[in-house]
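Structure, as structure tokens:
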Amino acid sequence: MRVSVSWLREYLDLPADLPAADLEQALVDLGIEVESIVDLRSTVTGALVVGEVLDIEELTGFKKPIRFCRVDVGAANGTGEPQEIVCGARNFAPGDRVVVILPGGVLPGGFAIGARKTYGRNSNGMICSAKELGLGDDHSGIVVLPEDTPAKPGDDARPVVGLDDVVVEVEITPDRGYALSVRGIARELAHALGVPFRDPGLAPAPGATAEPAYPVQVRDTVGCDRFAARMVRGIDPTAQTPGWMRQRLTVAGVRSISLPVDITNYVMLELGQPMHAFDAARITGPLVVRRAAAGEKVTTLDGVARTLTAEDMVICDDTGPVSLAAVMGGETSEVVASTTDVLFEAAHWDPVMVGRTARRHKLFSEAAKRWERGVDPALPLVAIERAVGLLTAHAGGTAGAEILDLDHVRPRTPVTLPVDLPGRRVGVAYSPERVVSLLEQVGCHVTRGVDRLGEDPGTAGVPAGGADVLTVVPPSWRPDLTDPADLVEEVVRLDGYDRVPSVLPTAPPGRGLTWQQRRRRAVARSLAERGYVEVLAHPFVAGSLADLLGLPADDPRRAAVRVANPLSEEEPLLRTTLLGPLLGILRRNLGRGHRDLALYEIGAVFHPRPGVGAPSPMGVDRRPTDAEFAAADAVVPDQPRHVAVVLTGDVEPAGWWGVGRPAGWADAVEAGRAVLAAADLPADRVEVRAAEHAPWHPGRCAELLVDGVVVGHAGELHPAVLAALELPKRTSAMELDLDALPAAPVAPAPTISGFPPALIDVALVVDERVPAAQVQQALVEGAGELLEGVRLFDVYASEQLGAGRRSLAYKLTFRAPDRTLTVEEAVAARDAAVARAAERFGATLRGA
């Protein structure tokens, strides 16, 4: 939010010589982030003066209209002669007073102004627009000063256009919605600087009358617990927004539209109460405030026709919805150039409803921003009185005596606060009087007493067996104060964060990383060393992802956890597989011109626990019990940690050294083996066999097993999945459940033999459906202790072998620890290995 210091001074007595650094520090000490503090006087250097346009000559023969102007700038140019200036704007006429910067001046952004010849004429300076002065984004025309401006030609224009002010821009956290107003920031500064504060929210305002200003029915008092309205009739539709109001709106970043609309925006910035102005002549019948019917439509002020859901709230007349309540008004009832009767509305809406509606429609208006952070429910009548006064003062008209106020606001719930709780939580000795004083500064009503069973609260000390407590009723403008912890934060904040001691806790003794952490790091390091790049994907996915991945209807990965308040309504689910978001990142990189990609991610997936219900609510006034923790944990989704890789393009690039090699399903399978090897699982416990599992190609998919349990899958993705996700052919992937892997066994020290090995190759012909890993296991079992290593080095199929048959060639390494093997011993071990494979799978030696 941006606000000028001159506006703040209307409600608190800031020191006249307060340095900008002290102002910034005061806000920072209160926990308000300061984006910038800009002294507008320093943004424009040189002579910036008021000028009066004497005459205008229209220049022709150019691509755009050009005007040659003679402007009276008094004695500011040193000669008293009219200044000759070429200008392209057309929103001014002779006799108008404008803002002129003379040669030698510098506009915001370092734009230096000089005398030059342009369009065949001499131009000495510039007639300025609001954008050129840094006062707003309007560049359609130059600044024309109102007729009642007291400044004369040659006077300094800075105070006239507001360039003699200081502008503060702050970033307001979601829990401090009250600070999204001049009223809120002024109150905060009054606390910090110890100066008087004049609360505009306490201005007198007449209450409801027996006869309403307009017939209104509120059907949902939860979504809208207060609705106020008042009519102003017979205003001048041509009345312009006063310059001082336009200037303040511009500084705040709000575009001037029309006087009634500008007034609603001005009151919103001043008090923090969003409002709406209806053209009473364009409303048909009584107004009804209700939830929308699913599929109902309304066209908002931005011209967009929006389809509503049953959670949205609308304001309707006989024709249907005329406003998307608390977010944006409707096109059919907006104030137009001919409006003479204005109905002002100020209400109080449910912040949860507003926040969800704004996100659902991607409509983050200034009003919605305030509603979802919380607005003072005591403001509607004060805001309406302020708006009515401004409108009648500047546009005439008659304010209706009838006032509508449908008030269903519930009183604030008192909060019980042990008086010593702030000191115990923070480590600063706050006296009870200090705690009470600080809470009363916030606006709380505080009653001190004793919390002791069977006794009435007292105020004279703490009797034996009792606890000194405060009963605190927060003010209406602080909806965030609901628990003792919130009150503790306010005490600490107002007393000063700098008083809180900085004490580093002593690190508890430990044994370093857990074996699971060491395993994850080893897996990540192993994949990175093989050329994979780690990425971090958002865990949120769309409901259509399961269909894009081709998951069967009964696949457990289709059951996903829905986030109650998602960042995006398009992705409201938590992922059940890493592949969806990972493939999205792959597609994004392909779209940016990358072709050879190997990515990996290690992260959690989320599986719901059906039938567990919802956890019981837990407060913040005490530590939850073990039973409450256990009940909450039982509802939390299961979150195993997975690892996944995706590959596309060339895994070995081509060049002068030879042809490259494209990535394929075997690389994905090898990535799975690398993960299991990095997890220190012995190869004899790992098995790889063919499988069918979405989203992989049924003929090019392998499942990875450890001790006979499936822990992951790898291979080439299904062509239908690649087409749906717009990915290249042959894209491959692997996903493995790290948490399903058993702990690594204690590795014995290897036995190193100094005797030479015996190397023997065998090629076995087996049925093509027999997994190579199972044949290898049979060879290991049959060869006995003399076998040191076995490796598959060739797979061959041909017509000579027969249909459905293939040859698997293995390299066997035999070695004895205490002697050199004889040929007979090595051959006998080889024959035993082949015999075991023949017994189990019907394998025959190729060529035998």
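Chain labels run A, B, ... following the order of the structure tokens; each chain numbers its residues from 1, and ligands are numbered from 1 in the order shown.
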
His538 in chain A surroundings by only C-alpha atoms, 8 Å radius, close-in-sequence under 2 positions cut, as a PyMOL selection string = chain A and resi 536+540+581

key: Picked from range 614-697 of chain A by DSSP as strand (DSSP E or B), as a PyMOL selection string   = chain A and resi 638+641-648+650-652+655+658+661-662+686-690+696-697

Mind dumping a table of every range 185-283 of chain A residue within 9 Å of range 335-352 of chain A, with the nearest atom pair and its distance in Å to one decimal, using only C-alpha atoms, sorted by chain and rising number, as a Markdown table?
```
| residue | atom | partner | partner_atom | distance |
| --- | --- | --- | --- | --- |
| A:Ala213 | CA | A:Leu343 | CA | 8.4 |
| A:Tyr214 | CA | A:Leu343 | CA | 8.2 |
| A:Val222 | CA | A:Asp350 | CA | 6.8 |
| A:Gly223 | CA | A:Asp350 | CA | 4.8 |
| A:Cys224 | CA | A:Trp349 | CA | 4.5 |
| A:Asp225 | CA | A:His348 | CA | 6.0 |
| A:Arg226 | CA | A:His348 | CA | 5.1 |
| A:Phe227 | CA | A:Ala347 | CA | 4.2 |
| A:Ala228 | CA | A:Ala346 | CA | 5.3 |
| A:Ala229 | CA | A:Glu345 | CA | 4.5 |
| A:Arg230 | CA | A:Phe344 | CA | 5.5 |
| A:Met231 | CA | A:Leu343 | CA | 4.5 |
| A:Val232 | CA | A:Val342 | CA | 5.3 |
| A:Arg233 | CA | A:Asp341 | CA | 4.3 |
| A:Gly234 | CA | A:Thr340 | CA | 5.0 |
| A:Ile235 | CA | A:Thr340 | CA | 4.9 |
| A:Asp236 | CA | A:Thr340 | CA | 6.4 |
| A:Pro237 | CA | A:Ser338 | CA | 5.6 |
| A:Thr238 | CA | A:Ala337 | CA | 7.3 |
| A:Ser258 | CA | A:Ala337 | CA | 8.1 |
| A:Pro260 | CA | A:Val335 | CA | 7.4 |
| A:Val261 | CA | A:Val335 | CA | 7.4 |
| A:Thr264 | CA | A:Phe344 | CA | 8.4 |
| A:Gln273 | CA | A:Ala346 | CA | 7.4 |
| A:Pro274 | CA | A:Ala346 | CA | 6.9 |
| A:Met275 | CA | A:Ala346 | CA | 4.9 |
| A:His276 | CA | A:Glu345 | CA | 5.3 |
| A:Ala277 | CA | A:Phe344 | CA | 4.7 |
| A:Phe278 | CA | A:Leu343 | CA | 5.0 |
| A:Asp279 | CA | A:Val335 | CA | 4.9 |
| A:Ala280 | CA | A:Asp341 | CA | 5.5 |
| A:Ala281 | CA | A:Asp341 | CA | 6.7 |
| A:Arg282 | CA | A:Val335 | CA | 8.8 |
```

key: One-decimal distance in Å that lies between CA of Ala826 in chain A and CA of Glu788 in chain A   = 11.5 Å

inquiry  = as a PyMOL selection string, please: the residues near Leu107 in chain A (cut-off 8 Å, only C-alpha atoms, same-chain neighbours under 2 positions excluded).
reply    = chain A and resi 43-45+105+109-113+132-133

Determine, using only C-alpha atoms, which residues of range 160-193 of chain A have any atom at most 12 Å from an atom of range 142-154 of chain A, and tabulate each with its shortest atom pair and distance in Å to one decimal place, rows ordered by chain and then rising number, as JSON lines.
```
{"residue": "A:Val160", "atom": "CA", "partner": "A:Ala151", "partner_atom": "CA", "distance": 7.3}
{"residue": "A:Val161", "atom": "CA", "partner": "A:Leu145", "partner_atom": "CA", "distance": 8.3}
{"residue": "A:Gly162", "atom": "CA", "partner": "A:Leu145", "partner_atom": "CA", "distance": 11.9}
```

Export, as a CSV table (one decimal), in the first residue's frame, the selected residues with N, CA and C atoms.
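What ended up in selection-v9.csv:
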```csv
chain,number,residue,atom,x,y,z
A,160,VAL,N,1.5,22.3,-5.9
A,160,VAL,CA,0.2,22.3,-6.5
A,160,VAL,C,-0.2,20.9,-7.0
A,161,VAL,N,0.8,20.1,-7.4
A,161,VAL,CA,0.5,18.8,-7.9
A,161,VAL,C,0.9,17.7,-6.9
A,162,GLY,N,1.3,18.1,-5.7
A,162,GLY,CA,1.6,17.1,-4.7
A,162,GLY,C,3.0,16.6,-4.7
```

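In this model, the gap between CA of Pro566 in chain A and CA of Gly543 in chain A comes to 12.6 Å.
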
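Contact shell of Glu402 in chain A at 6 Å (only C-alpha atoms; same-chain neighbours under 6 positions omitted): Thr209, Glu211, Pro212 and Ala213 of chain A.
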
Atoms kept (C-alpha atoms) for selection, written as a PDB file, in the first residue's frame:
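Below you can see out_17.pdb, which holds the result:
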```pdb
ATOM      1  CA  THR A 209     -33.980   4.413  10.625  1.00  0.00           C
ATOM      2  CA  GLU A 211     -37.687   3.233   6.977  1.00  0.00           C
ATOM      3  CA  PRO A 212     -34.769   1.668   5.049  1.00  0.00           C
ATOM      4  CA  ALA A 213     -32.825   3.603   2.443  1.00  0.00           C
TER       5      ALA A 213
END
```
